[in-house]
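> I am sharing input38.txt, which consists of compact mmCIF, C-alpha atoms:
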# COMPACT_ATOMS: atom_id res chain seq x y z
CA MET A 1100 0.00 0.00 0.00
CA LEU A 1101 1.13 3.54 -0.78
CA ASN A 1102 1.02 6.61 1.47
CA ALA A 1103 1.47 9.46 -0.99
CA THR A 1104 4.00 12.06 0.11
CA ARG A 1105 4.34 13.91 -3.23
CA ILE A 1106 0.92 15.05 -4.45
CA LEU A 1107 0.41 16.81 -7.77
CA VAL A 1108 -2.90 18.68 -7.94
CA VAL A 1109 -4.20 19.68 -11.37
CA ALA A 1110 -7.01 22.22 -11.56
CA SER A 1111 -8.58 24.59 -14.09
CA THR A 1112 -9.81 27.10 -11.49
CA PHE A 1113 -7.00 28.35 -9.30
CA PRO A 1114 -6.38 32.02 -8.37
CA MET A 1115 -3.23 33.58 -9.77
CA SER A 1116 -2.95 36.06 -6.88
CA GLU A 1117 -4.61 37.11 -3.64
CA THR A 1118 -6.67 39.67 -5.55
CA ASP A 1119 -7.74 37.27 -8.31
CA ALA A 1120 -11.54 36.91 -8.39
CA SER A 1121 -11.32 33.20 -9.25
CA PRO A 1122 -12.76 30.89 -6.56
CA ARG A 1123 -9.98 29.85 -4.18
CA PHE A 1124 -11.36 26.71 -2.54
CA VAL A 1125 -8.85 24.41 -4.27
CA ARG A 1126 -6.01 26.59 -3.01
CA ASP A 1127 -7.57 26.64 0.46
CA LEU A 1128 -7.73 22.82 0.40
CA VAL A 1129 -4.09 22.44 -0.65
CA GLU A 1130 -2.90 24.87 2.02
CA ALA A 1131 -5.04 23.21 4.70
CA MET A 1132 -3.73 19.74 3.81
CA HIS A 1133 -0.13 20.90 4.01
CA ARG A 1134 -0.76 22.55 7.38
CA GLU A 1135 -2.20 19.29 8.67
CA ASP A 1136 0.72 17.21 7.37
CA PRO A 1137 3.83 19.27 6.49
CA SER A 1138 5.72 16.06 5.65
CA ARG A 1139 3.76 15.86 2.39
CA ARG A 1140 4.76 18.01 -0.57
CA PHE A 1141 2.21 19.57 -2.90
CA ALA A 1142 2.47 20.99 -6.40
CA VAL A 1143 -0.35 22.55 -8.40
CA LEU A 1144 -0.65 22.62 -12.19
CA ALA A 1145 -3.13 25.11 -13.65
CA PRO A 1146 -3.61 26.88 -16.99
CA GLN A 1147 -2.56 30.43 -17.60
CA VAL A 1148 -5.36 32.99 -17.71
CA GLY A 1149 -4.85 35.64 -20.36
CA ARG A 1150 -1.20 36.63 -20.44
CA GLY A 1151 -0.77 34.71 -17.22
CA GLY A 1152 1.95 35.07 -14.65
CA PRO A 1153 5.17 33.22 -13.89
CA ALA A 1154 5.40 29.66 -15.16
CA HIS A 1155 6.67 28.51 -11.75
CA GLN A 1156 6.29 29.95 -8.26
CA ARG A 1157 7.13 28.65 -4.81
CA HIS A 1158 4.62 29.36 -2.07
CA GLU A 1159 4.70 28.53 1.61
CA HIS A 1160 2.57 25.40 1.23
CA PHE A 1161 2.98 24.35 -2.42
CA GLU A 1162 4.72 24.90 -5.74
CA GLU A 1163 2.64 26.40 -8.55
CA PHE A 1164 3.11 25.60 -12.24
CA ARG A 1165 1.23 27.31 -15.08
CA PHE A 1166 0.93 26.10 -18.69
CA ARG A 1167 0.00 27.86 -21.89
CA TYR A 1168 -2.66 26.38 -24.17
CA ALA A 1169 -3.53 29.05 -26.74
CA TRP A 1170 -1.89 31.61 -28.99
CA PRO A 1171 -2.38 34.54 -28.84
CA ALA A 1172 -2.62 34.73 -25.04
CA SER A 1173 -5.88 36.68 -25.28
CA LEU A 1174 -7.60 33.38 -26.20
CA GLN A 1175 -6.73 31.90 -22.80
CA ARG A 1176 -10.13 32.79 -21.33
CA LEU A 1177 -11.71 29.40 -20.80
CA THR A 1178 -10.60 28.82 -17.24
CA GLY A 1179 -10.28 30.63 -13.96
CA ARG A 1180 -13.97 31.25 -13.32
CA GLY A 1181 -15.68 28.17 -14.71
CA ILE A 1182 -15.47 26.60 -18.17
CA VAL A 1183 -19.22 25.96 -18.56
CA PRO A 1184 -20.40 29.53 -17.80
CA THR A 1185 -17.58 30.92 -19.93
CA LEU A 1186 -18.70 28.82 -22.89
CA ALA A 1187 -22.31 29.81 -22.28
CA ALA A 1188 -21.32 33.46 -22.51
CA GLU A 1189 -18.90 33.00 -25.43
CA PRO A 1190 -19.79 29.82 -27.37
CA TRP A 1191 -17.12 30.45 -29.98
CA LEU A 1192 -14.50 29.52 -27.37
CA LEU A 1193 -15.49 25.90 -28.02
CA LEU A 1194 -12.87 26.16 -30.77
CA VAL A 1195 -10.24 26.68 -28.07
CA LEU A 1196 -11.45 23.86 -25.79
CA PRO A 1197 -9.57 21.01 -27.55
CA TRP A 1198 -6.35 22.96 -27.14
CA LEU A 1199 -6.94 23.19 -23.39
CA PHE A 1200 -7.07 19.38 -23.27
CA VAL A 1201 -3.95 19.07 -25.43
CA GLY A 1202 -2.03 21.75 -23.54
CA GLU A 1203 -2.91 20.25 -20.18
CA PHE A 1204 -1.96 16.75 -21.32
CA ILE A 1205 1.46 17.88 -22.51
CA ALA A 1206 2.09 19.96 -19.40
CA LEU A 1207 0.95 17.25 -16.98
CA ARG A 1208 2.99 14.58 -18.71
CA ARG A 1209 6.12 16.74 -18.56
CA LEU A 1210 5.54 17.68 -14.93
CA VAL A 1211 4.96 14.06 -13.88
CA ARG A 1212 8.33 13.17 -15.40
CA ARG A 1213 10.03 16.19 -13.81
CA TRP A 1214 8.41 16.37 -10.38
CA ALA A 1215 7.87 12.59 -9.87
CA PRO A 1216 4.61 12.64 -7.86
CA ASP A 1217 3.26 9.65 -5.97
CA VAL A 1218 -0.28 10.52 -7.06
CA ILE A 1219 -2.12 12.94 -9.37
CA HIS A 1220 -5.13 14.68 -7.81
CA ALA A 1221 -7.53 15.90 -10.52
CA GLN A 1222 -9.91 18.65 -9.44
CA TRP A 1223 -12.91 18.35 -11.78
CA PHE A 1224 -13.32 15.52 -14.28
CA THR A 1225 -13.37 17.93 -17.24
CA PRO A 1226 -10.72 18.36 -18.40
CA GLN A 1227 -8.46 17.36 -15.50
CA GLY A 1228 -9.85 13.87 -14.83
CA VAL A 1229 -9.76 12.94 -18.51
CA VAL A 1230 -6.19 14.18 -18.86
CA ALA A 1231 -5.05 12.63 -15.57
CA ALA A 1232 -6.48 9.23 -16.55
CA LEU A 1233 -4.52 9.30 -19.80
CA VAL A 1234 -1.29 10.46 -18.17
CA ALA A 1235 -1.71 7.87 -15.40
CA ARG A 1236 -2.00 5.14 -18.04
CA TRP A 1237 1.21 6.35 -19.68
CA SER A 1238 3.21 6.94 -16.48
CA GLY A 1239 1.89 4.34 -14.06
CA VAL A 1240 1.28 7.08 -11.46
CA PRO A 1241 -2.16 6.59 -9.83
CA TRP A 1242 -4.74 9.35 -10.02
CA VAL A 1243 -7.60 10.41 -7.77
CA LEU A 1244 -10.54 12.66 -8.56
CA THR A 1245 -12.61 15.34 -6.83
CA THR A 1246 -15.80 16.15 -8.72
CA HIS A 1247 -17.45 19.46 -7.90
CA ALA A 1248 -20.66 20.02 -9.85
CA SER A 1249 -21.44 19.39 -13.52
CA ASP A 1250 -17.90 18.42 -14.55
CA VAL A 1251 -18.99 14.80 -15.14
CA SER A 1252 -22.61 15.32 -16.19
CA ILE A 1253 -21.56 17.73 -18.94
CA TRP A 1254 -20.48 14.67 -20.94
CA ASP A 1255 -24.18 13.89 -21.44
CA ARG A 1256 -24.12 16.67 -24.00
CA VAL A 1257 -21.35 15.07 -26.06
CA PRO A 1258 -23.13 12.88 -28.63
CA LEU A 1259 -22.21 9.23 -29.12
CA VAL A 1260 -19.01 9.16 -27.07
CA GLY A 1261 -19.75 11.26 -23.97
CA ALA A 1262 -21.12 8.55 -21.70
CA ARG A 1263 -18.50 6.12 -22.96
CA VAL A 1264 -15.70 8.48 -21.94
CA VAL A 1265 -17.07 8.69 -18.40
CA ARG A 1266 -17.60 4.93 -18.06
CA ALA A 1267 -14.16 4.16 -19.49
CA LEU A 1268 -12.03 6.67 -17.60
CA LEU A 1269 -13.68 7.48 -14.28
CA PRO A 1270 -13.39 3.90 -12.88
CA THR A 1271 -9.62 4.03 -13.43
CA ALA A 1272 -9.34 6.60 -10.62
CA THR A 1273 -7.92 5.06 -7.46
CA ARG A 1274 -10.21 7.15 -5.22
CA ILE A 1275 -13.06 9.59 -5.94
CA THR A 1276 -14.60 12.31 -3.80
CA ALA A 1277 -17.68 14.39 -4.54
CA VAL A 1278 -18.38 17.69 -2.82
CA SER A 1279 -22.09 16.92 -2.33
CA SER A 1280 -24.65 14.15 -2.69
CA GLY A 1281 -26.14 15.97 -5.69
CA THR A 1282 -22.77 15.98 -7.43
CA LEU A 1283 -22.33 12.29 -6.69
CA GLY A 1284 -25.83 11.54 -8.01
CA ARG A 1285 -25.07 13.27 -11.30
CA THR A 1286 -22.01 11.02 -11.63
CA ARG A 1287 -23.75 7.83 -10.50
CA ARG A 1288 -26.34 7.91 -13.27
CA PHE A 1289 -23.75 7.14 -15.95
CA PHE A 1290 -23.37 3.64 -14.53
CA SER A 1291 -25.55 0.58 -14.16
CA ASP A 1292 -26.06 -0.87 -10.69
CA ALA A 1293 -23.53 -3.59 -11.44
CA GLU A 1294 -20.95 -1.11 -12.74
CA TRP A 1295 -21.41 1.18 -9.74
CA ALA A 1296 -21.02 -1.72 -7.33
CA GLY A 1297 -17.45 -2.05 -8.56
CA ILE A 1298 -16.75 1.63 -7.94
CA ALA A 1299 -18.71 2.49 -4.79
CA SER A 1300 -16.07 1.32 -2.30
CA LYS A 1301 -13.60 3.94 -3.52
CA VAL A 1302 -16.06 6.85 -3.49
CA ALA A 1303 -16.79 9.30 -0.66
CA ILE A 1304 -18.63 12.59 -0.23
CA ILE A 1305 -16.28 15.20 1.24
CA PRO A 1306 -17.24 18.88 0.84
CA MET A 1307 -14.90 21.79 0.69
CA GLY A 1308 -14.17 23.35 4.07
CA ALA A 1309 -15.73 26.12 6.13
CA PRO A 1310 -13.79 28.94 7.75
CA GLY A 1311 -13.37 29.08 11.49
CA VAL A 1312 -16.68 29.22 13.33
CA SER A 1313 -17.72 32.64 14.57
CA THR A 1314 -17.31 33.25 18.27
CA ALA A 1315 -20.56 35.20 18.23
CA ALA A 1316 -23.50 32.88 18.80
CA ALA A 1317 -25.97 35.37 17.37
CA PRO A 1318 -25.84 37.51 14.24
CA SER A 1319 -25.78 40.75 16.19
CA GLY A 1320 -24.60 44.02 14.72
CA GLY A 1321 -25.93 43.37 11.23
CA ASP A 1322 -28.43 45.37 9.20
CA GLU A 1323 -31.72 43.65 9.95
CA ARG A 1324 -33.10 44.47 6.48
CA THR A 1325 -30.13 43.61 4.22
CA LEU A 1326 -29.98 40.48 2.07
CA LEU A 1327 -26.59 39.29 0.80
CA PHE A 1328 -25.60 37.28 -2.26
CA ILE A 1329 -21.94 36.32 -2.74
CA GLY A 1330 -20.82 34.45 -5.81
CA ARG A 1331 -20.03 34.38 -9.49
CA LEU A 1332 -22.58 36.29 -11.56
CA ALA A 1333 -23.44 33.37 -13.83
CA GLU A 1334 -26.69 31.66 -14.78
CA LYS A 1335 -26.47 28.73 -12.36
CA LYS A 1336 -26.32 31.13 -9.40
CA GLY A 1337 -30.00 32.05 -9.88
CA VAL A 1338 -29.68 35.76 -9.07
CA PRO A 1339 -32.62 36.75 -11.35
CA VAL A 1340 -34.90 34.68 -9.10
CA LEU A 1341 -33.61 36.56 -6.06
CA LEU A 1342 -34.20 39.93 -7.72
CA ASP A 1343 -37.78 38.96 -8.56
CA ALA A 1344 -38.31 37.90 -4.94
CA LEU A 1345 -36.79 41.15 -3.66
CA GLY A 1346 -39.33 43.11 -5.70
CA ARG A 1347 -42.12 41.51 -3.65
CA LEU A 1348 -40.56 42.40 -0.30
CA PRO A 1349 -41.07 45.75 1.48
CA GLU A 1350 -39.05 48.67 0.14
CA SER A 1351 -37.04 48.76 3.36
CA VAL A 1352 -35.38 45.45 2.40
CA THR A 1353 -32.17 45.89 0.39
CA LEU A 1354 -29.81 43.50 -1.38
CA THR A 1355 -26.02 43.50 -1.74
CA ILE A 1356 -24.66 41.48 -4.66
CA ALA A 1357 -20.97 40.68 -4.23
CA GLY A 1358 -19.23 39.16 -7.21
CA THR A 1359 -18.43 39.60 -10.87
CA GLY A 1360 -19.18 37.53 -13.93
CA PRO A 1361 -20.65 37.32 -17.41
CA ASP A 1362 -24.24 38.03 -16.31
CA GLU A 1363 -23.53 41.32 -14.53
CA ALA A 1364 -24.86 43.56 -17.31
CA THR A 1365 -28.02 41.46 -17.62
CA LEU A 1366 -28.60 41.62 -13.87
CA ARG A 1367 -28.10 45.38 -13.79
CA ALA A 1368 -30.67 45.69 -16.57
CA GLN A 1369 -33.11 43.56 -14.57
CA VAL A 1370 -32.60 45.80 -11.52
CA THR A 1371 -33.47 48.82 -13.64
CA ARG A 1372 -36.49 47.10 -15.22
CA LEU A 1373 -37.86 46.19 -11.78
CA GLY A 1374 -37.22 49.66 -10.39
CA LEU A 1375 -34.86 48.37 -7.70
CA GLU A 1376 -31.94 50.74 -8.29
CA SER A 1377 -32.18 52.25 -4.80
CA ARG A 1378 -32.38 48.83 -3.14
CA VAL A 1379 -29.64 46.84 -4.86
CA ARG A 1380 -25.91 47.44 -4.47
CA PHE A 1381 -23.32 45.71 -6.67
CA ALA A 1382 -20.23 45.39 -4.47
CA GLY A 1383 -17.96 43.67 -7.00
CA PHE A 1384 -15.50 40.93 -6.10
CA VAL A 1385 -14.80 40.64 -2.37
CA THR A 1386 -12.44 38.50 -0.38
CA GLY A 1387 -10.76 38.40 3.01
CA ASP A 1388 -11.81 41.07 5.49
CA ALA A 1389 -14.16 42.73 2.98
CA LYS A 1390 -16.12 39.51 2.62
CA GLN A 1391 -16.25 39.00 6.37
CA GLN A 1392 -17.56 42.52 6.83
CA LEU A 1393 -20.35 41.89 4.33
CA LEU A 1394 -21.29 38.67 6.11
CA ALA A 1395 -21.29 40.44 9.47
CA SER A 1396 -23.55 43.22 8.20
CA ALA A 1397 -26.11 40.99 6.45
CA ALA A 1398 -29.42 39.93 7.90
CA VAL A 1399 -29.81 36.93 5.56
CA VAL A 1400 -27.44 35.20 3.12
CA VAL A 1401 -29.28 33.96 0.03
CA VAL A 1402 -28.07 31.17 -2.30
CA PRO A 1403 -30.75 30.88 -5.04
CA SER A 1404 -28.90 28.40 -7.30
CA VAL A 1405 -30.55 26.72 -10.30
CA VAL A 1406 -29.69 24.01 -12.81
CA THR A 1407 -29.33 25.65 -16.22
CA ALA A 1408 -30.89 24.38 -19.42
CA GLY A 1409 -27.41 23.27 -20.47
CA GLY A 1410 -26.98 21.20 -17.32
CA ASP A 1411 -24.61 23.50 -15.44
CA ALA A 1412 -25.19 23.12 -11.70
CA GLU A 1413 -23.69 23.84 -8.32
CA GLY A 1414 -21.78 21.36 -6.19
CA LEU A 1415 -21.97 22.95 -2.75
CA PRO A 1416 -21.18 26.70 -2.76
CA VAL A 1417 -18.60 27.61 -0.17
CA VAL A 1418 -20.67 30.68 0.75
CA VAL A 1419 -23.24 28.35 2.34
CA LEU A 1420 -20.56 27.09 4.71
CA GLU A 1421 -19.26 30.60 5.33
CA ALA A 1422 -22.74 31.87 6.20
CA LEU A 1423 -23.44 29.04 8.62
CA ALA A 1424 -20.01 29.39 10.22
CA ALA A 1425 -20.75 33.09 10.74
CA GLY A 1426 -24.05 32.24 12.44
CA LYS A 1427 -26.10 33.89 9.71
CA PRO A 1428 -29.55 32.81 8.53
CA CYS A 1429 -28.98 31.17 5.14
CA VAL A 1430 -31.80 30.63 2.63
CA ALA A 1431 -30.69 28.33 -0.19
CA SER A 1432 -32.39 26.56 -3.07
CA ASP A 1433 -32.73 22.80 -3.16
CA GLU A 1434 -30.52 22.76 -6.28
CA SER A 1435 -27.58 24.40 -4.51
CA GLY A 1436 -26.24 21.29 -2.77
CA ALA A 1437 -26.96 22.99 0.55
CA GLY A 1438 -29.29 20.16 1.55
CA ASP A 1439 -26.17 18.23 2.57
CA VAL A 1440 -25.46 20.70 5.38
CA ILE A 1441 -28.74 22.55 6.00
CA VAL A 1442 -31.63 20.94 7.85
CA ASP A 1443 -34.58 23.09 6.82
CA GLY A 1444 -35.79 25.18 9.74
CA GLU A 1445 -33.05 23.98 12.08
CA ASN A 1446 -29.78 25.62 11.02
CA GLY A 1447 -30.95 27.30 7.80
CA PHE A 1448 -33.69 27.16 5.19
CA LEU A 1449 -34.27 25.41 1.85
CA VAL A 1450 -36.66 26.51 -0.89
CA PRO A 1451 -37.48 25.05 -4.31
CA ALA A 1452 -35.22 26.35 -7.07
CA ARG A 1453 -36.74 29.00 -9.37
CA ASP A 1454 -39.80 29.38 -7.10
CA VAL A 1455 -39.97 33.16 -6.66
CA GLU A 1456 -43.05 33.09 -4.42
CA ARG A 1457 -41.64 30.47 -2.02
CA LEU A 1458 -38.35 32.36 -1.83
CA HIS A 1459 -40.18 35.62 -1.18
CA ARG A 1460 -42.28 34.08 1.60
CA ARG A 1461 -39.32 32.42 3.28
CA LEU A 1462 -37.26 35.61 3.22
CA ALA A 1463 -40.16 37.55 4.72
CA GLU A 1464 -40.47 34.96 7.49
CA VAL A 1465 -36.75 35.06 8.31
CA LEU A 1466 -36.68 38.86 8.34
CA ALA A 1467 -39.57 38.80 10.82
CA MET A 1468 -37.86 36.42 13.28
CA ASP A 1469 -37.29 37.81 16.77
CA ALA A 1470 -33.90 38.05 18.46
CA ALA A 1471 -34.33 34.87 20.50
CA ALA A 1472 -35.21 32.78 17.45
CA LEU A 1473 -32.28 34.23 15.51
CA ALA A 1474 -29.91 33.43 18.38
CA GLN A 1475 -31.09 29.81 18.47
CA LEU A 1476 -30.72 29.52 14.70
CA ALA A 1477 -27.21 30.99 14.86
CA ALA A 1478 -26.14 28.59 17.59
CA ARG A 1479 -27.36 25.60 15.59
CA ALA A 1480 -25.72 26.92 12.40
CA THR A 1481 -22.30 27.37 13.96
CA ALA A 1482 -22.52 24.01 15.74
CA SER A 1483 -23.26 22.28 12.43
CA MET A 1484 -20.03 23.68 10.97
CA GLN A 1485 -17.70 22.25 13.61
CA ALA A 1486 -17.16 19.08 11.58
CA LEU A 1487 -16.64 21.02 8.33
CA GLN A 1488 -13.86 23.41 9.28
CA TRP A 1489 -10.81 23.28 7.05
CA PRO A 1490 -8.52 21.30 9.40
CA VAL A 1491 -11.14 18.53 9.68
CA ILE A 1492 -11.88 18.52 5.96
CA ALA A 1493 -8.17 18.51 5.12
CA ARG A 1494 -7.59 15.47 7.33
CA ARG A 1495 -10.50 13.66 5.66
CA HIS A 1496 -8.98 14.31 2.23
CA LEU A 1497 -5.53 13.20 3.34
CA GLU A 1498 -6.81 10.00 4.90
CA PHE A 1499 -9.17 9.01 2.10
CA LEU A 1500 -7.37 10.17 -1.04
CA PHE A 1501 -3.69 9.75 -0.21
CA THR A 1502 -3.34 7.08 2.47
CA ASP A 1503 -3.18 3.32 1.90
CA LEU A 1504 -3.52 3.58 -1.86
CA PRO A 1505 -3.00 0.42 -3.90
CA THR A 1506 0.64 0.15 -4.95
CA PRO A 1507 1.04 1.02 -8.65
CA GLN A 1508 1.78 -1.95 -10.84
CA GLY A 1509 4.78 -1.95 -13.09
Kindly return the structure encoded in the file as structure tokens.


Amino acid sequence: MLNATRILVVASTFPMSETDASPRFVRDLVEAMHREDPSRRFAVLAPQVGRGGPAHQRHEHFEEFRFRYAWPASLQRLTGRGIVPTLAAEPWLLLVLPWLFVGEFIALRRLVRRWAPDVIHAQWFTPQGVVAALVARWSGVPWVLTTHASDVSIWDRVPLVGARVVRALLPTATRITAVSSGTLGRTRRFFSDAEWAGIASKVAIIPMGAPGVSTAAAPSGGDERTLLFIGRLAEKKGVPVLLDALGRLPESVTLTIAGTGPDEATLRAQVTRLGLESRVRFAGFVTGDAKQQLLASAAVVVVPSVVTAGGDAEGLPVVVLEALAAGKPCVASDESGAGDVIVDGENGFLVPARDVERLHRRLAEVLAMDAAALAQLAARATASMQALQWPVIARRHLEFLFTDLPTPQG
């Protein structure tokens, strides 16, 4: 059996700097795993975004390698903030997609030879899992997979060969984690019961981690009439549903939208059309202390995620975990993946996706809760996050993905 000490993570979404608006949960995971076990070494391979940055950097917890996949550099726009929403906004970039696969394959193969990892950890099946499976076959280095949302189910849209690619390559992973039960379910349906029986023992649901739990048991000090959305401004986030629901709430209720993305202009136009200009604030990308300040000042955090017509879906948004850890009331849709961590009415609230009226009614009910009820909700929310803080989640990844792996053959 193999206990991996050299772990090569390959990801398509990985921030290039502290101010990069790309989601940082993969970086947070890598850093948390290294803190938990400094004897293990980590390297990360990710594509350049635009003109990119240095091809190689050393950080406190990992080495970072970047590869180029398109010329001119201005075409390197597929990754960083989600391949599926990027393609939805700019379908012509499908012409660049094959070159991302090719560029990643070449870069990963070279880095495996140079860095000599014990295991390749693919974040997302598309394209990383596909590429890792092929490189693993060539090199004999085992690979493991973390699937986040629609990175497997997107192959349903590839005619003739899509399902075959999933059934042929995914079972070659040594271990597989999914960030939510919904994500796992979207993967499971590619396989018959008999096929899945041969895979199930090496699969586990492990979400991304939550920040440290707030020491405040109650959400005191916030604006009791402010709703907060934090996330990428893309179709699967469901912000239009939230804006429609806001229009039915009293004029004293306001909304802060924190994030950037391809749908920002459309959302601003909807705000104008609904006459909500005085009640909606676009805060742009936030991170660090700025994000914590927004969470502290919010009355309710709203996660109105939907499944798009093209099949793009959430895994489990990290903002759900952040809201619960901060002791904030969180209202999330049943398509967000939040059902894995929220017990409706106990530590948060779930509503049907795209149901404007149900979302409106639930928000009105939460805004009307008294201080005692809010304090009880906050206490239950923070308690539910104890087992999902980054040190715990990091240990679960280390133990399941990189400990007692089958010894590579040959």

> Closest to Thr1225 of chain A among A:Val1418, A:Val1442, A:Ala1103, A:Ile1253, using only C-alpha atoms?

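Under the stated criterion, the closest residue is A:Ile1253.
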
> Give the answer as one residue: which of A:Val1264, A:Val1338, A:Val1450, A:Leu1423 has the shortest atom-to-atom distance to Glu1363 of chain A, using only C-alpha atoms?

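Result for the nearest residue to Glu1363 of chain A: A:Val1338.
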
> Counting all atoms listed in the file, what is within 12 Å of Leu1199 of chain A, bar same-chain residues fewer than 2 positions away, as an mmCIF file with C-alpha atoms, in the frame of the given file?


data_model
loop_
_atom_site.group_PDB
_atom_site.id
_atom_site.type_symbol
_atom_site.label_atom_id
_atom_site.label_comp_id
_atom_site.auth_asym_id
_atom_site.auth_seq_id
_atom_site.Cartn_x
_atom_site.Cartn_y
_atom_site.Cartn_z
ATOM 1 C CA ALA A 1110 -7.010 22.220 -11.560
ATOM 2 C CA SER A 1111 -8.580 24.590 -14.090
ATOM 3 C CA ALA A 1145 -3.130 25.110 -13.650
ATOM 4 C CA PRO A 1146 -3.610 26.880 -16.990
ATOM 5 C CA GLN A 1147 -2.560 30.430 -17.600
ATOM 6 C CA VAL A 1148 -5.360 32.990 -17.710
ATOM 7 C CA PHE A 1166 0.930 26.100 -18.690
ATOM 8 C CA ARG A 1167 0.000 27.860 -21.890
ATOM 9 C CA TYR A 1168 -2.660 26.380 -24.170
ATOM 10 C CA ALA A 1169 -3.530 29.050 -26.740
ATOM 11 C CA TRP A 1170 -1.890 31.610 -28.990
ATOM 12 C CA LEU A 1174 -7.600 33.380 -26.200
ATOM 13 C CA GLN A 1175 -6.730 31.900 -22.800
ATOM 14 C CA ARG A 1176 -10.130 32.790 -21.330
ATOM 15 C CA LEU A 1177 -11.710 29.400 -20.800
ATOM 16 C CA THR A 1178 -10.600 28.820 -17.240
ATOM 17 C CA ILE A 1182 -15.470 26.600 -18.170
ATOM 18 C CA LEU A 1192 -14.500 29.520 -27.370
ATOM 19 C CA LEU A 1193 -15.490 25.900 -28.020
ATOM 20 C CA LEU A 1194 -12.870 26.160 -30.770
ATOM 21 C CA VAL A 1195 -10.240 26.680 -28.070
ATOM 22 C CA LEU A 1196 -11.450 23.860 -25.790
ATOM 23 C CA PRO A 1197 -9.570 21.010 -27.550
ATOM 24 C CA VAL A 1201 -3.950 19.070 -25.430
ATOM 25 C CA GLY A 1202 -2.030 21.750 -23.540
ATOM 26 C CA GLU A 1203 -2.910 20.250 -20.180
ATOM 27 C CA PHE A 1204 -1.960 16.750 -21.320
ATOM 28 C CA ILE A 1205 1.460 17.880 -22.510
ATOM 29 C CA ALA A 1206 2.090 19.960 -19.400
ATOM 30 C CA LEU A 1207 0.950 17.250 -16.980
ATOM 31 C CA THR A 1225 -13.370 17.930 -17.240
ATOM 32 C CA PRO A 1226 -10.720 18.360 -18.400
ATOM 33 C CA GLN A 1227 -8.460 17.360 -15.500
ATOM 34 C CA VAL A 1229 -9.760 12.940 -18.510
ATOM 35 C CA VAL A 1230 -6.190 14.180 -18.860
#

> Rounded to one decimal in Å, what is the spacing between atom CA of Ser1121 of chain A and atom CA of Val1385 of chain A?

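That distance, rounded to one decimal, is 10.7 Å.
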
> Using all atoms listed in the file, which residues sit within 9 Å of Arg1479 of chain A once same-chain residues fewer than 5 positions away are excluded, as a CSV table (one decimal) with C-alpha atoms, in the frame of the given file?


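So the final result, stored in out-v1.csv, reads:
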chain,number,residue,atom,x,y,z
A,1316,ALA,CA,-23.5,32.9,18.8
A,1423,LEU,CA,-23.4,29.0,8.6
A,1426,GLY,CA,-24.0,32.2,12.4
A,1445,GLU,CA,-33.0,24.0,12.1
A,1446,ASN,CA,-29.8,25.6,11.0
A,1447,GLY,CA,-31.0,27.3,7.8
A,1474,ALA,CA,-29.9,33.4,18.4
A,1484,MET,CA,-20.0,23.7,11.0

> Could you state the separation of atom CA of Gly1149 of chain A and atom CA of Phe1381 of chain A in Å, given to one decimal place?

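Atom CA of Phe1381 of chain A lies 25.1 Å from atom CA of Gly1149 of chain A.
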
> Can you work out which one of A:His1160, A:Arg1105, A:Asp1255, A:Thr1185 has the shortest atom-to-atom distance to Glu1135 of chain A, counting only C-alpha atoms?

A:His1160

> What's the separation between atom CA of Val1340 of chain A and atom CA of Arg1457 of chain A, in Å to one decimal place?

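Answer for the atom CA of Val1340 of chain A to atom CA of Arg1457 of chain A separation: 10.6 Å.
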
> Compile the contact shell of Leu1504 of chain A as a ChimeraX atom specification: residues with an atom at most 9 Å away, counting only C-alpha atoms, same-chain residues fewer than 3 positions apart removed.

/A:1100-1103,1241,1273-1274,1499-1501,1507

> Restricted to C-alpha atoms, what would the selected residues look like written as a PDB file, in the coordinates of the input?


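See out20.pdb below for the written result:
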ATOM      1  CA  MET A1100       0.000   0.000   0.000  1.00  0.00           C
ATOM      2  CA  LEU A1101       1.130   3.540  -0.780  1.00  0.00           C
ATOM      3  CA  ASN A1102       1.020   6.610   1.470  1.00  0.00           C
ATOM      4  CA  ALA A1103       1.470   9.460  -0.990  1.00  0.00           C
ATOM      5  CA  PRO A1241      -2.160   6.590  -9.830  1.00  0.00           C
ATOM      6  CA  THR A1273      -7.920   5.060  -7.460  1.00  0.00           C
ATOM      7  CA  ARG A1274     -10.210   7.150  -5.220  1.00  0.00           C
ATOM      8  CA  PHE A1499      -9.170   9.010   2.100  1.00  0.00           C
ATOM      9  CA  LEU A1500      -7.370  10.170  -1.040  1.00  0.00           C
ATOM     10  CA  PHE A1501      -3.690   9.750  -0.210  1.00  0.00           C
ATOM     11  CA  PRO A1507       1.040   1.020  -8.650  1.00  0.00           C
TER      12      PRO A1507
END

> Out of A:Leu1327, A:Leu1259, A:Leu1497, A:Ile1356, which residue has the shortest atom-to-atom distance to Ile1106 of chain A when counting all atoms listed in the file?

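Once distances to Ile1106 of chain A are computed over all atoms listed in the file, the minimum belongs to A:Leu1497.
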
> I need the residue nearest Ala1277 of chain A from this list: A:Phe1200, A:Trp1242, A:Phe1224, A:Phe1448. Use all atoms listed in the file for the distance.

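With all atoms listed in the file as the atom set, the closest residue is A:Phe1224.
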
> Go through A:Gly1410, A:Pro1505, A:Pro1490, A:Pro1428 and flag the residue nearest Trp1254 of chain A, using all atoms listed in the file for the distances.

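Of all the options, A:Gly1410 lies closest to Trp1254 of chain A.
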
> Set the distance at 9 Å and use all atoms listed in the file: which residues neighbour Val1240 of chain A once local chain neighbours fewer than 5 positions away are removed? I'd like the list as JSON, numbers by chain.

{"A": [1211, 1215, 1216, 1217, 1218, 1219, 1234, 1235, 1507]}
